[in-house]
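Colleague: Dropping in final-v3.txt, with compact mmCIF, C-alpha atoms and all ligand atoms.
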# COMPACT_ATOMS: atom_id res chain seq x y z
CA MET A 1 15.92 -12.53 16.66
CA PRO A 2 13.06 -11.79 14.26
CA LEU A 3 10.87 -14.79 13.40
CA THR A 4 11.34 -16.54 10.07
CA VAL A 5 8.44 -16.60 7.60
CA ALA A 6 7.82 -20.24 8.56
CA GLU A 7 7.67 -19.33 12.26
CA VAL A 8 5.28 -16.45 11.60
CA PHE A 9 2.98 -18.77 9.60
CA ARG A 10 3.06 -21.51 12.25
CA GLU A 11 2.37 -19.02 15.03
CA ASN A 12 -0.58 -17.63 13.08
CA ALA A 13 -1.93 -21.13 12.38
CA ASP A 14 -2.07 -21.62 16.14
CA HIS A 15 -4.41 -18.65 16.80
CA PRO A 16 -7.87 -19.76 17.99
CA ALA A 17 -9.60 -18.25 14.92
CA GLU A 18 -7.27 -19.95 12.44
CA ARG A 19 -7.60 -23.24 14.34
CA SER A 20 -11.32 -23.14 13.50
CA SER A 21 -10.50 -23.09 9.76
CA PRO A 22 -9.04 -26.42 8.50
CA LEU A 23 -8.29 -24.79 5.14
CA MET A 24 -6.23 -21.99 6.74
CA GLN A 25 -4.42 -24.57 8.87
CA ALA A 26 -3.53 -26.62 5.78
CA LEU A 27 -2.35 -23.58 3.79
CA LEU A 28 -0.36 -21.90 6.56
CA LEU A 29 1.32 -25.08 7.80
CA GLY A 30 1.99 -26.24 4.22
CA ALA A 31 3.59 -22.90 3.37
CA ALA A 32 5.67 -23.00 6.57
CA SER A 33 7.10 -26.45 5.71
CA ASP A 34 7.75 -25.36 2.14
CA TRP A 35 9.66 -22.31 3.41
CA ASP A 36 11.80 -24.48 5.71
CA ALA A 37 12.54 -26.81 2.77
CA GLY A 38 13.61 -23.85 0.57
CA GLY A 39 10.61 -24.30 -1.77
CA ILE A 40 8.60 -21.99 -4.04
CA THR A 41 7.36 -19.85 -1.10
CA HIS A 42 10.85 -18.25 -1.07
CA ALA A 43 10.34 -16.89 -4.59
CA ALA A 44 6.92 -15.47 -3.66
CA LEU A 45 7.43 -14.29 -0.07
CA GLN A 46 11.12 -13.35 0.25
CA PRO A 47 10.42 -9.55 -0.04
CA PHE A 48 8.21 -9.80 3.07
CA ALA A 49 10.62 -11.80 5.23
CA GLY A 50 11.42 -8.73 7.35
CA ASP A 51 7.85 -7.43 7.68
CA PRO A 52 6.93 -6.24 11.19
CA PRO A 53 4.98 -8.74 13.33
CA GLY A 54 1.64 -6.88 13.08
CA SER A 55 1.63 -6.79 9.28
CA ALA A 56 -0.57 -9.90 8.95
CA LEU A 57 1.66 -11.58 6.34
CA PRO A 58 -0.08 -15.00 6.58
CA LEU A 59 -3.51 -13.36 6.11
CA ARG A 60 -2.24 -11.29 3.14
CA PHE A 61 -0.86 -14.47 1.56
CA ALA A 62 -4.15 -16.34 2.15
CA ALA A 63 -6.09 -13.40 0.63
CA ALA A 64 -3.82 -13.50 -2.44
CA LEU A 65 -4.59 -17.21 -2.99
CA HIS A 66 -8.33 -16.71 -2.40
CA ARG A 67 -8.35 -13.89 -4.92
CA LEU A 68 -6.86 -16.18 -7.59
CA VAL A 69 -9.55 -18.73 -6.72
CA LEU A 70 -12.38 -16.17 -6.92
CA THR A 71 -11.16 -14.84 -10.27
CA GLY A 72 -10.95 -18.33 -11.84
CA ARG A 73 -7.15 -18.39 -12.07
CA ALA A 74 -6.61 -21.31 -9.69
CA PRO A 75 -9.10 -24.05 -10.64
CA GLU A 76 -7.10 -26.84 -8.96
CA LEU A 77 -7.12 -24.90 -5.68
CA ALA A 78 -10.79 -23.87 -6.08
CA GLU A 79 -11.73 -27.54 -5.58
CA HIS A 80 -10.74 -27.07 -1.91
CA TYR A 81 -12.57 -23.75 -1.41
CA PRO A 82 -16.18 -24.07 -0.16
CA THR A 83 -16.73 -20.33 -0.94
CA VAL A 84 -16.76 -21.29 -4.64
CA GLY A 85 -18.48 -24.65 -4.13
CA GLY A 86 -15.30 -26.75 -3.66
CA ALA A 87 -15.73 -29.81 -1.49
CA ALA A 88 -12.32 -31.53 -1.73
CA ASP A 89 -10.36 -32.30 1.41
CA PRO A 90 -8.44 -29.38 3.02
CA GLU A 91 -5.38 -31.66 3.32
CA GLY A 92 -4.99 -31.56 -0.45
CA ALA A 93 -5.11 -27.75 -0.51
CA TRP A 94 -1.39 -27.13 0.02
CA PRO A 95 -0.15 -29.31 -2.89
CA ALA A 96 -2.71 -27.51 -5.12
CA ALA A 97 -1.63 -24.10 -3.75
CA ARG A 98 2.00 -24.95 -4.44
CA ARG A 99 1.18 -25.66 -8.11
CA VAL A 100 -0.63 -22.30 -8.30
CA LEU A 101 2.37 -20.58 -6.69
CA GLU A 102 4.72 -22.13 -9.25
CA ARG A 103 2.57 -20.79 -12.08
CA GLU A 104 1.58 -17.40 -10.58
CA THR A 105 4.63 -16.53 -8.47
CA GLU A 106 4.83 -12.87 -9.48
CA ASP A 107 1.14 -12.19 -9.02
CA VAL A 108 1.02 -13.90 -5.64
CA GLN A 109 3.96 -11.73 -4.60
CA GLN A 110 2.31 -8.55 -5.86
CA LEU A 111 -1.05 -9.40 -4.20
CA THR A 112 0.60 -10.38 -0.91
CA GLY A 113 2.18 -6.92 -0.90
CA GLN A 114 -1.25 -5.31 -0.49
CA PRO A 115 -2.35 -4.49 3.07
CA CYS A 116 -5.02 -6.69 4.59
CA GLN A 117 -8.40 -4.95 4.29
CA THR A 118 -11.49 -6.48 5.83
CA ASN A 119 -14.98 -5.39 6.78
CA GLU A 120 -16.61 -8.06 8.93
CA VAL A 121 -20.36 -7.52 9.24
CA GLY A 122 -20.53 -10.25 11.92
CA ARG A 123 -19.13 -7.64 14.32
CA THR A 124 -22.49 -5.85 14.18
CA VAL A 125 -23.82 -8.66 16.37
CA PRO A 126 -21.93 -7.32 19.42
CA LEU A 127 -22.55 -3.75 18.17
CA LEU A 128 -26.27 -4.34 18.38
CA VAL A 129 -25.93 -5.49 21.99
CA GLY A 130 -24.00 -2.31 22.78
CA LEU A 131 -26.38 0.04 21.00
CA ALA A 132 -29.36 -1.53 22.76
CA GLU A 133 -27.61 -0.89 26.06
CA VAL A 134 -26.81 2.77 25.26
CA ALA A 135 -30.43 3.30 24.14
CA ARG A 136 -31.65 1.67 27.37
CA ARG A 137 -29.36 3.76 29.59
CA THR A 138 -30.01 7.11 27.87
CA GLY A 139 -33.53 6.75 26.47
CA GLU A 140 -32.28 8.98 23.62
CA PRO A 141 -31.87 8.65 19.85
CA LEU A 142 -28.30 7.84 18.79
CA ARG A 143 -25.69 9.44 16.50
CA LEU A 144 -23.51 6.53 15.39
CA LEU A 145 -19.90 7.51 14.56
CA GLU A 146 -17.63 4.66 13.45
CA ILE A 147 -13.84 4.98 13.42
CA GLY A 148 -11.95 2.51 11.18
CA ALA A 149 -15.13 1.86 9.19
CA SER A 150 -13.39 0.27 6.15
CA ALA A 151 -16.17 0.10 3.49
CA GLY A 152 -18.82 1.33 5.94
CA LEU A 153 -20.78 -1.94 5.84
CA ASN A 154 -21.30 -2.10 9.61
CA LEU A 155 -23.03 1.28 9.54
CA LEU A 156 -25.84 -0.50 7.64
CA PHE A 157 -26.50 -2.77 10.62
CA ASP A 158 -30.23 -2.03 10.83
CA ARG A 159 -30.70 -3.39 7.30
CA PHE A 160 -29.30 -6.76 8.41
CA ARG A 161 -31.42 -9.59 9.82
CA PHE A 162 -30.27 -10.95 13.19
CA GLY A 163 -31.58 -14.52 13.59
CA GLU A 164 -35.33 -14.27 14.04
CA VAL A 165 -35.10 -11.38 16.49
CA TRP A 166 -34.45 -8.12 14.62
CA GLY A 167 -34.10 -6.46 11.23
CA PRO A 168 -35.93 -6.79 7.92
CA PRO A 169 -36.91 -10.45 7.39
CA ASP A 170 -36.06 -10.23 3.67
CA SER A 171 -32.55 -8.78 4.21
CA PRO A 172 -29.88 -10.37 1.98
CA CYS A 173 -27.45 -10.09 4.92
CA ARG A 174 -28.33 -12.69 7.54
CA LEU A 175 -26.53 -12.82 10.88
CA PRO A 176 -26.93 -15.07 13.91
CA ASP A 177 -29.21 -14.18 16.80
CA PRO A 178 -27.03 -12.37 19.41
CA GLY A 179 -28.22 -15.02 21.88
CA ILE A 180 -28.54 -12.43 24.65
CA PRO A 181 -31.96 -11.05 25.64
CA LEU A 182 -32.14 -7.48 24.25
CA ASP A 183 -34.60 -4.63 24.36
CA LEU A 184 -34.28 -3.29 20.84
CA ASP A 185 -37.39 -1.10 20.80
CA GLY A 186 -35.41 1.94 21.98
CA VAL A 187 -32.68 1.74 19.31
CA ARG A 188 -33.21 4.74 17.02
CA VAL A 189 -30.26 5.97 14.95
CA VAL A 190 -30.71 9.53 13.71
CA GLU A 191 -27.29 10.00 12.13
CA ARG A 192 -24.49 7.70 10.97
CA ALA A 193 -21.01 8.45 9.68
CA GLY A 194 -17.63 6.77 9.45
CA CYS A 195 -13.94 7.46 8.83
CA ASP A 196 -10.99 5.39 7.70
CA PRO A 197 -7.55 6.43 6.40
CA ALA A 198 -7.98 3.81 3.62
CA PRO A 199 -11.72 3.64 2.95
CA LEU A 200 -13.11 1.22 0.37
CA ASP A 201 -16.05 2.01 -1.87
CA PRO A 202 -18.32 -1.07 -1.76
CA ARG A 203 -19.71 -0.22 -5.23
CA ASP A 204 -16.25 -0.63 -6.76
CA ASP A 205 -15.53 -4.13 -8.19
CA GLU A 206 -11.90 -4.07 -7.07
CA ALA A 207 -12.90 -3.15 -3.48
CA ARG A 208 -15.51 -5.92 -3.41
CA LEU A 209 -12.98 -8.46 -4.61
CA ARG A 210 -10.47 -7.30 -2.01
CA LEU A 211 -12.95 -7.64 0.84
CA SER A 212 -14.21 -11.01 -0.44
CA SER A 213 -10.66 -12.37 -0.82
CA SER A 214 -9.92 -11.53 2.82
CA VAL A 215 -12.57 -13.97 4.06
CA TRP A 216 -11.14 -17.45 4.56
CA GLY A 217 -12.06 -19.92 1.84
CA ASP A 218 -13.96 -22.37 4.07
CA GLN A 219 -15.97 -19.77 6.02
CA VAL A 220 -19.05 -19.86 3.85
CA ALA A 221 -21.41 -18.16 6.33
CA ARG A 222 -19.04 -15.18 6.64
CA PHE A 223 -18.59 -15.05 2.87
CA ARG A 224 -22.37 -15.09 2.26
CA ARG A 225 -23.15 -12.39 4.78
CA LEU A 226 -20.44 -10.19 3.27
CA GLN A 227 -21.93 -10.70 -0.22
CA GLY A 228 -25.37 -9.81 1.18
CA ALA A 229 -24.06 -6.61 2.76
CA LEU A 230 -22.14 -5.66 -0.42
CA GLN A 231 -25.32 -6.18 -2.43
CA MET A 232 -27.19 -3.75 -0.16
CA ALA A 233 -24.33 -1.25 -0.05
CA GLY A 234 -24.88 -0.67 -3.77
CA SER A 235 -28.06 1.25 -2.98
CA HIS A 236 -27.74 2.20 0.71
CA ARG A 237 -24.13 3.22 1.12
CA VAL A 238 -22.96 5.37 4.05
CA PRO A 239 -19.92 7.27 2.71
CA VAL A 240 -16.75 6.79 4.77
CA GLU A 241 -14.53 9.86 5.03
CA ARG A 242 -10.81 9.41 4.33
CA ALA A 243 -9.37 10.41 7.72
CA GLY A 244 -7.66 9.04 10.82
CA ALA A 245 -9.71 8.49 13.96
CA ALA A 246 -8.40 11.34 16.15
CA GLU A 247 -8.51 14.06 13.50
CA TRP A 248 -12.01 13.01 12.40
CA LEU A 249 -13.44 12.76 15.91
CA THR A 250 -12.03 16.19 16.79
CA ARG A 251 -14.17 17.60 13.99
CA ARG A 252 -17.23 15.35 14.23
CA LEU A 253 -17.80 15.56 17.96
CA ASP A 254 -18.02 19.35 17.72
CA ASP A 255 -20.18 19.38 14.59
CA GLN A 256 -23.57 20.87 14.71
CA PRO A 257 -25.45 17.56 14.42
CA SER A 258 -28.06 17.18 11.68
CA ALA A 259 -30.40 15.69 14.29
CA GLN A 260 -30.49 15.68 18.06
CA GLY A 261 -29.04 12.53 19.56
CA VAL A 262 -26.42 11.03 21.83
CA PRO A 263 -23.03 10.50 20.09
CA VAL A 264 -21.93 6.84 20.17
CA VAL A 265 -18.40 6.22 18.88
CA TRP A 266 -18.01 2.61 17.78
CA HIS A 267 -14.89 0.70 16.73
CA SER A 268 -14.20 -2.96 16.05
CA ILE A 269 -10.73 -4.51 15.53
CA VAL A 270 -9.17 -1.12 14.81
CA ARG A 271 -7.03 -0.30 17.82
CA THR A 272 -4.06 -2.48 16.82
CA TYR A 273 -3.75 -0.50 13.56
CA VAL A 274 -3.67 2.93 15.22
CA ASP A 275 -0.55 4.63 16.53
CA PRO A 276 -0.60 4.62 20.40
CA ASP A 277 -0.42 8.45 20.59
CA GLU A 278 -3.40 8.77 18.27
CA TRP A 279 -5.26 6.16 20.31
CA ARG A 280 -4.69 8.14 23.52
CA GLN A 281 -6.26 11.12 21.72
CA VAL A 282 -9.27 8.97 20.76
CA GLU A 283 -9.71 7.96 24.40
CA ALA A 284 -9.41 11.57 25.58
CA LEU A 285 -11.85 12.88 22.96
CA THR A 286 -14.48 10.26 23.79
CA ALA A 287 -14.14 10.74 27.56
CA ARG A 288 -16.48 13.74 27.38
CA PRO A 289 -19.54 13.26 29.58
CA ASP A 290 -21.96 13.54 26.63
CA VAL A 291 -20.20 10.86 24.52
CA TRP A 292 -20.54 7.05 24.67
CA ARG A 293 -17.98 4.66 23.23
CA LEU A 294 -18.44 1.02 22.27
CA SER A 295 -15.18 -0.87 21.93
CA TYR A 296 -14.91 -4.33 20.35
CA GLU A 297 -11.17 -4.94 20.53
CA PRO A 298 -9.12 -7.98 21.64
CA ALA A 299 -7.94 -7.82 25.25
CA PRO A 300 -4.14 -7.41 25.40
CA GLU A 301 -3.60 -10.12 28.07
CA PRO A 302 -2.58 -13.50 26.60
CA GLY A 303 -5.18 -16.20 27.20
CA ALA A 304 -8.00 -13.63 27.61
CA ARG A 305 -11.51 -14.98 27.14
CA GLY A 306 -12.71 -14.00 23.64
CA VAL A 307 -13.08 -10.40 22.46
CA PRO A 308 -14.80 -8.16 25.02
CA LEU A 309 -17.48 -5.64 24.09
CA ARG A 310 -16.88 -2.68 26.40
CA LEU A 311 -19.09 0.33 26.97
CA PHE A 312 -17.54 3.62 28.12
CA GLY A 313 -19.71 6.55 29.16
CA SER A 314 -21.46 8.28 32.00
CA GLY A 315 -21.34 6.09 35.14
CA THR A 316 -19.42 3.16 33.59
CA ASP A 317 -16.36 1.52 35.11
CA PRO A 318 -13.16 3.44 34.08
CA ALA A 319 -12.09 0.29 32.15
CA GLY A 320 -15.53 0.10 30.53
CA ASP A 321 -18.52 -2.07 31.42
CA VAL A 322 -18.06 -5.46 29.74
CA LEU A 323 -21.42 -6.23 28.11
CA ALA A 324 -20.51 -9.46 26.28
CA HIS A 325 -17.68 -11.50 24.80
CA GLY A 326 -17.45 -12.67 21.20
CA THR A 327 -14.87 -13.85 18.68
CA GLY A 328 -12.66 -11.93 16.26
CA HIS A 329 -15.44 -12.17 13.66
CA GLY A 330 -18.31 -11.39 16.06
CA PRO A 331 -20.59 -14.33 16.94
CA PRO A 332 -21.14 -16.44 18.93
CA LEU A 333 -21.55 -14.14 21.93
CA SER A 334 -21.67 -14.93 25.61
CA ARG A 335 -22.07 -12.72 28.67
C1 LIG A 401 -9.46 -4.99 10.62
S1 LIG A 401 -10.15 -3.58 9.83
C2 LIG A 401 -11.70 -3.50 10.69
C3 LIG A 401 -12.74 -2.78 9.89
C4 LIG A 401 -14.10 -2.68 10.56
N1 LIG A 401 -14.02 -1.92 11.78
C5 LIG A 401 -14.68 -4.04 10.83
O1 LIG A 401 -14.91 -4.39 11.99
O2 LIG A 401 -14.93 -4.77 9.87
C6 LIG A 401 -9.21 -2.23 10.55
C7 LIG A 401 -9.50 -0.89 9.92
O3 LIG A 401 -8.84 0.13 10.67
C8 LIG A 401 -8.46 1.13 9.76
N2 LIG A 401 -7.46 2.06 10.35
C9 LIG A 401 -6.10 1.97 10.32
N3 LIG A 401 -5.54 3.05 10.92
C10 LIG A 401 -6.56 3.85 11.34
C11 LIG A 401 -6.62 5.13 12.00
N4 LIG A 401 -5.52 5.79 12.36
N5 LIG A 401 -7.84 5.64 12.24
C12 LIG A 401 -8.97 4.98 11.89
N6 LIG A 401 -8.97 3.77 11.26
C13 LIG A 401 -7.78 3.21 10.99
C14 LIG A 401 -7.94 0.32 8.57
O4 LIG A 401 -7.81 1.10 7.39
C15 LIG A 401 -9.01 -0.78 8.48
O5 LIG A 401 -10.06 -0.42 7.63
The structure given in the file should be rewritten as structure tokens.
Ligand SMILES: C[S@@+](CC[C@H](N)C(=O)[O-])C[C@H]1O[C@@H](n2cnc3c(N)ncnc32)[C@H](O)[C@@H]1O
Modeller:
Amino acid sequence: MPLTVAEVFRENADHPAERSSPLMQALLLGAASDWDAGGITHAALQPFAGDPPGSALPLRFAAALHRLVLTGRAPELAEHYPTVGGAADPEGAWPAARRVLERETEDVQQLTGQPCQTNEVGRTVPLLVGLAEVARRTGEPLRLLEIGASAGLNLLFDRFRFGEVWGPPDSPCRLPDPGIPLDLDGVRVVERAGCDPAPLDPRDDEARLRLSSSVWGDQVARFRRLQGALQMAGSHRVPVERAGAAEWLTRRLDDQPSAQGVPVVWHSIVRTYVDPDEWRQVEALTARPDVWRLSYEPAPEPGARGVPLRLFGSGTDPAGDVLAHGTGHGPPLSR
């Protein structure tokens, strides 16, 4: 039996990440009760009642509401959104959201129909740990190739400031200290490139709004670091090629590189979106002895500890060397 919309929302509200966001809890649980009571959520969400489990319906719905808040169309709800300065109690968010839904039913439906598109720069915190390790093991400059790069923001990682340990002190994108001792002197990136079947151009207002809406409305630190990275991407963009991972890697790994360096293929929270056959191709392509792969993907086992950062390459364990654990959005990290 497929889950009802209410069950999907309640299940999502119980994920560890969502449990850390009182606003998401209030919205998802409020919407679930409204659905069970036959309320306004039926008018907005009925077309998505049969969506497959991995389609992130609750996150698409939350992004639709946040977008109305960010564009000034939901002032009563904005009072509950710290990303726009709101300080009202999260408990009052659902009644406000319901009023917005009653007024903006068609637009919420249309916006919820858009796929979830995020680019979380916090994931460069584990990336930095991984790159430092590849640089330490190889002693070589690095060619960074990102699959599932979205707007390409994470390819700008060396323009971000990590705590007080690394990066330009005046960077508008400020991230936490990785909290793990790192030798960063050897990290030298000589080439960077990315692919995504649905790339976003961070200079485009619509793309910026889409990425900003996908951050949860009470996660101000995430929202600010995204705005900082978007600001920088206006002048330092790394273009992301419109292509799937396997097709792109087939070409890129055999390219004549513009500079000599060790290829490092990096991906964060991408695997679940890629067809299993294509993923097997990615694994085969990156198993070449000259290629390193950094994987930041949730472990499939239920109850696994955080998101592991795994390094695959010459001399690593066949399942990858686990260098650290983090959260779905990157920090905090632990060994
Ligand atoms: C959750 S986002 C993560 C984006 C980015 N890696 C990050 O950490 O912020 C997943 C990305 O995977 C991309 N994607 C989906 N199918 C893909 C494929 N076959 N090959 C490469 N990327 C894919 C999506 O378009 C989306 O941008």
Colleague: With all atoms listed in the file counted, collect every polymer residue having an atom within 8 Å of ligand LIG 401 (chain A); state the result as an MDAnalysis selection string.
Modeller: chainID A and resid 116:121 123 146:154 195:199 243:246 267:271 273:275 278:279 329
Colleague: Please produce an output containing C-alpha atoms for each residue in the selection, written as a PDB file, in the frame of the given file.
Modeller:
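Below you can see out-v3.pdb, which holds the result:
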ATOM      1  CA  CYS A 116      -5.020  -6.690   4.590  1.00  0.00           C
ATOM      2  CA  GLN A 117      -8.400  -4.950   4.290  1.00  0.00           C
ATOM      3  CA  THR A 118     -11.490  -6.480   5.830  1.00  0.00           C
ATOM      4  CA  ASN A 119     -14.980  -5.390   6.780  1.00  0.00           C
ATOM      5  CA  GLU A 120     -16.610  -8.060   8.930  1.00  0.00           C
ATOM      6  CA  VAL A 121     -20.360  -7.520   9.240  1.00  0.00           C
ATOM      7  CA  ARG A 123     -19.130  -7.640  14.320  1.00  0.00           C
ATOM      8  CA  GLU A 146     -17.630   4.660  13.450  1.00  0.00           C
ATOM      9  CA  ILE A 147     -13.840   4.980  13.420  1.00  0.00           C
ATOM     10  CA  GLY A 148     -11.950   2.510  11.180  1.00  0.00           C
ATOM     11  CA  ALA A 149     -15.130   1.860   9.190  1.00  0.00           C
ATOM     12  CA  SER A 150     -13.390   0.270   6.150  1.00  0.00           C
ATOM     13  CA  ALA A 151     -16.170   0.100   3.490  1.00  0.00           C
ATOM     14  CA  GLY A 152     -18.820   1.330   5.940  1.00  0.00           C
ATOM     15  CA  LEU A 153     -20.780  -1.940   5.840  1.00  0.00           C
ATOM     16  CA  ASN A 154     -21.300  -2.100   9.610  1.00  0.00           C
ATOM     17  CA  CYS A 195     -13.940   7.460   8.830  1.00  0.00           C
ATOM     18  CA  ASP A 196     -10.990   5.390   7.700  1.00  0.00           C
ATOM     19  CA  PRO A 197      -7.550   6.430   6.400  1.00  0.00           C
ATOM     20  CA  ALA A 198      -7.980   3.810   3.620  1.00  0.00           C
ATOM     21  CA  PRO A 199     -11.720   3.640   2.950  1.00  0.00           C
ATOM     22  CA  ALA A 243      -9.370  10.410   7.720  1.00  0.00           C
ATOM     23  CA  GLY A 244      -7.660   9.040  10.820  1.00  0.00           C
ATOM     24  CA  ALA A 245      -9.710   8.490  13.960  1.00  0.00           C
ATOM     25  CA  ALA A 246      -8.400  11.340  16.150  1.00  0.00           C
ATOM     26  CA  HIS A 267     -14.890   0.700  16.730  1.00  0.00           C
ATOM     27  CA  SER A 268     -14.200  -2.960  16.050  1.00  0.00           C
ATOM     28  CA  ILE A 269     -10.730  -4.510  15.530  1.00  0.00           C
ATOM     29  CA  VAL A 270      -9.170  -1.120  14.810  1.00  0.00           C
ATOM     30  CA  ARG A 271      -7.030  -0.300  17.820  1.00  0.00           C
ATOM     31  CA  TYR A 273      -3.750  -0.500  13.560  1.00  0.00           C
ATOM     32  CA  VAL A 274      -3.670   2.930  15.220  1.00  0.00           C
ATOM     33  CA  ASP A 275      -0.550   4.630  16.530  1.00  0.00           C
ATOM     34  CA  GLU A 278      -3.400   8.770  18.270  1.00  0.00           C
ATOM     35  CA  TRP A 279      -5.260   6.160  20.310  1.00  0.00           C
ATOM     36  CA  HIS A 329     -15.440 -12.170  13.660  1.00  0.00           C
TER      37      HIS A 329
END
Colleague: Would you mind listing, for every residue of region 88-188 of chain A within 12 Å of region 29-51 of chain A, the two atoms forming the shortest contact and the distance between them in Å to one decimal, using all atoms listed in the file, sorted by chain and ascending residue number, as JSON lines?
Modeller:
{"residue": "A:Pro90", "atom": "CA", "partner": "A:Gly30", "partner_atom": "CA", "distance": 11.0}
{"residue": "A:Glu91", "atom": "CA", "partner": "A:Gly30", "partner_atom": "CA", "distance": 9.2}
{"residue": "A:Gly92", "atom": "CA", "partner": "A:Gly30", "partner_atom": "CA", "distance": 9.9}
{"residue": "A:Ala93", "atom": "CA", "partner": "A:Gly30", "partner_atom": "CA", "distance": 8.7}
{"residue": "A:Trp94", "atom": "CA", "partner": "A:Gly30", "partner_atom": "CA", "distance": 5.5}
{"residue": "A:Pro95", "atom": "CA", "partner": "A:Gly30", "partner_atom": "CA", "distance": 8.0}
{"residue": "A:Ala96", "atom": "CA", "partner": "A:Gly30", "partner_atom": "CA", "distance": 10.5}
{"residue": "A:Ala97", "atom": "CA", "partner": "A:Ala31", "partner_atom": "CA", "distance": 8.9}
{"residue": "A:Arg98", "atom": "CA", "partner": "A:Ile40", "partner_atom": "CA", "distance": 7.2}
{"residue": "A:Arg99", "atom": "CA", "partner": "A:Ile40", "partner_atom": "CA", "distance": 9.2}
{"residue": "A:Val100", "atom": "CA", "partner": "A:Ile40", "partner_atom": "CA", "distance": 10.2}
{"residue": "A:Leu101", "atom": "CA", "partner": "A:Ile40", "partner_atom": "CA", "distance": 6.9}
{"residue": "A:Glu102", "atom": "CA", "partner": "A:Ile40", "partner_atom": "CA", "distance": 6.5}
{"residue": "A:Arg103", "atom": "CA", "partner": "A:Ile40", "partner_atom": "CA", "distance": 10.1}
{"residue": "A:Glu104", "atom": "CA", "partner": "A:Ala44", "partner_atom": "CA", "distance": 9.0}
{"residue": "A:Thr105", "atom": "CA", "partner": "A:Ala44", "partner_atom": "CA", "distance": 5.4}
{"residue": "A:Glu106", "atom": "CA", "partner": "A:Ala44", "partner_atom": "CA", "distance": 6.7}
{"residue": "A:Asp107", "atom": "CA", "partner": "A:Ala44", "partner_atom": "CA", "distance": 8.5}
{"residue": "A:Val108", "atom": "CA", "partner": "A:Ala44", "partner_atom": "CA", "distance": 6.4}
{"residue": "A:Gln109", "atom": "CA", "partner": "A:Ala44", "partner_atom": "CA", "distance": 4.9}
{"residue": "A:Gln110", "atom": "CA", "partner": "A:Ala44", "partner_atom": "CA", "distance": 8.6}
{"residue": "A:Leu111", "atom": "CA", "partner": "A:Ala44", "partner_atom": "CA", "distance": 10.0}
{"residue": "A:Thr112", "atom": "CA", "partner": "A:Leu45", "partner_atom": "CA", "distance": 7.9}
{"residue": "A:Gly113", "atom": "CA", "partner": "A:Phe48", "partner_atom": "CA", "distance": 7.8}
{"residue": "A:Gln114", "atom": "CA", "partner": "A:Phe48", "partner_atom": "CA", "distance": 11.1}
{"residue": "A:Pro115", "atom": "CA", "partner": "A:Asp51", "partner_atom": "CA", "distance": 11.6}
Colleague: Grab the residues selected above and save them as an mmCIF file, in the frame of the given file with C-alpha atoms.
Modeller:
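Written file, out-v1.cif:
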data_model
loop_
_atom_site.group_PDB
_atom_site.id
_atom_site.type_symbol
_atom_site.label_atom_id
_atom_site.label_comp_id
_atom_site.auth_asym_id
_atom_site.auth_seq_id
_atom_site.Cartn_x
_atom_site.Cartn_y
_atom_site.Cartn_z
ATOM 1 C CA PRO A 90 -8.440 -29.380 3.020
ATOM 2 C CA GLU A 91 -5.380 -31.660 3.320
ATOM 3 C CA GLY A 92 -4.990 -31.560 -0.450
ATOM 4 C CA ALA A 93 -5.110 -27.750 -0.510
ATOM 5 C CA TRP A 94 -1.390 -27.130 0.020
ATOM 6 C CA PRO A 95 -0.150 -29.310 -2.890
ATOM 7 C CA ALA A 96 -2.710 -27.510 -5.120
ATOM 8 C CA ALA A 97 -1.630 -24.100 -3.750
ATOM 9 C CA ARG A 98 2.000 -24.950 -4.440
ATOM 10 C CA ARG A 99 1.180 -25.660 -8.110
ATOM 11 C CA VAL A 100 -0.630 -22.300 -8.300
ATOM 12 C CA LEU A 101 2.370 -20.580 -6.690
ATOM 13 C CA GLU A 102 4.720 -22.130 -9.250
ATOM 14 C CA ARG A 103 2.570 -20.790 -12.080
ATOM 15 C CA GLU A 104 1.580 -17.400 -10.580
ATOM 16 C CA THR A 105 4.630 -16.530 -8.470
ATOM 17 C CA GLU A 106 4.830 -12.870 -9.480
ATOM 18 C CA ASP A 107 1.140 -12.190 -9.020
ATOM 19 C CA VAL A 108 1.020 -13.900 -5.640
ATOM 20 C CA GLN A 109 3.960 -11.730 -4.600
ATOM 21 C CA GLN A 110 2.310 -8.550 -5.860
ATOM 22 C CA LEU A 111 -1.050 -9.400 -4.200
ATOM 23 C CA THR A 112 0.600 -10.380 -0.910
ATOM 24 C CA GLY A 113 2.180 -6.920 -0.900
ATOM 25 C CA GLN A 114 -1.250 -5.310 -0.490
ATOM 26 C CA PRO A 115 -2.350 -4.490 3.070
#
Colleague: Residues proximal to (7.2, -6.4, 14.0) were defined as those with any atom within 12 Å of that point in the file's coordinates, counting only C-alpha atoms. Which are they, as a PyMOL selection string?
Modeller: chain A and resi 1-4+8+48-57
Colleague: Can you pull out every residue within 8 Å of Val238 (chain A), counting all atoms listed in the file, but drop anything in the same chain fewer than 6 positions away, and send it as a count of residues only?
Modeller: 7
Colleague: When you draw a straight line from CA of Val215 (chain A) to CA of Pro202 (chain A), how long is it in Å?
Modeller: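 Pair CA of Val215 (chain A) / CA of Pro202 (chain A) returns 15.3 Å.
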Colleague: Which value, in Å to one decimal, gives the distance between CA of Arg161 (chain A) and CA of Arg174 (chain A)?
Modeller: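 About the pair CA of Arg161 (chain A) and CA of Arg174 (chain A): they are 4.9 Å apart.
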Colleague: Given all atoms listed in the file as the basis, pick out the residue of A:Leu184, A:Val129, A:Leu145, A:Leu230 nearest to Ser171 (chain A).
Modeller: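 Distance minimum relative to Ser171 (chain A) lands on A:Leu230.
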Colleague: Nearest to Gly163 (chain A): which of A:Gly217, A:Pro82, A:Gly306, A:Gly179 is it, counting all atoms listed in the file?
Modeller: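 Of A:Gly217, A:Pro82, A:Gly306, A:Gly179, the one nearest Gly163 (chain A), counting all atoms listed in the file, is A:Gly179.
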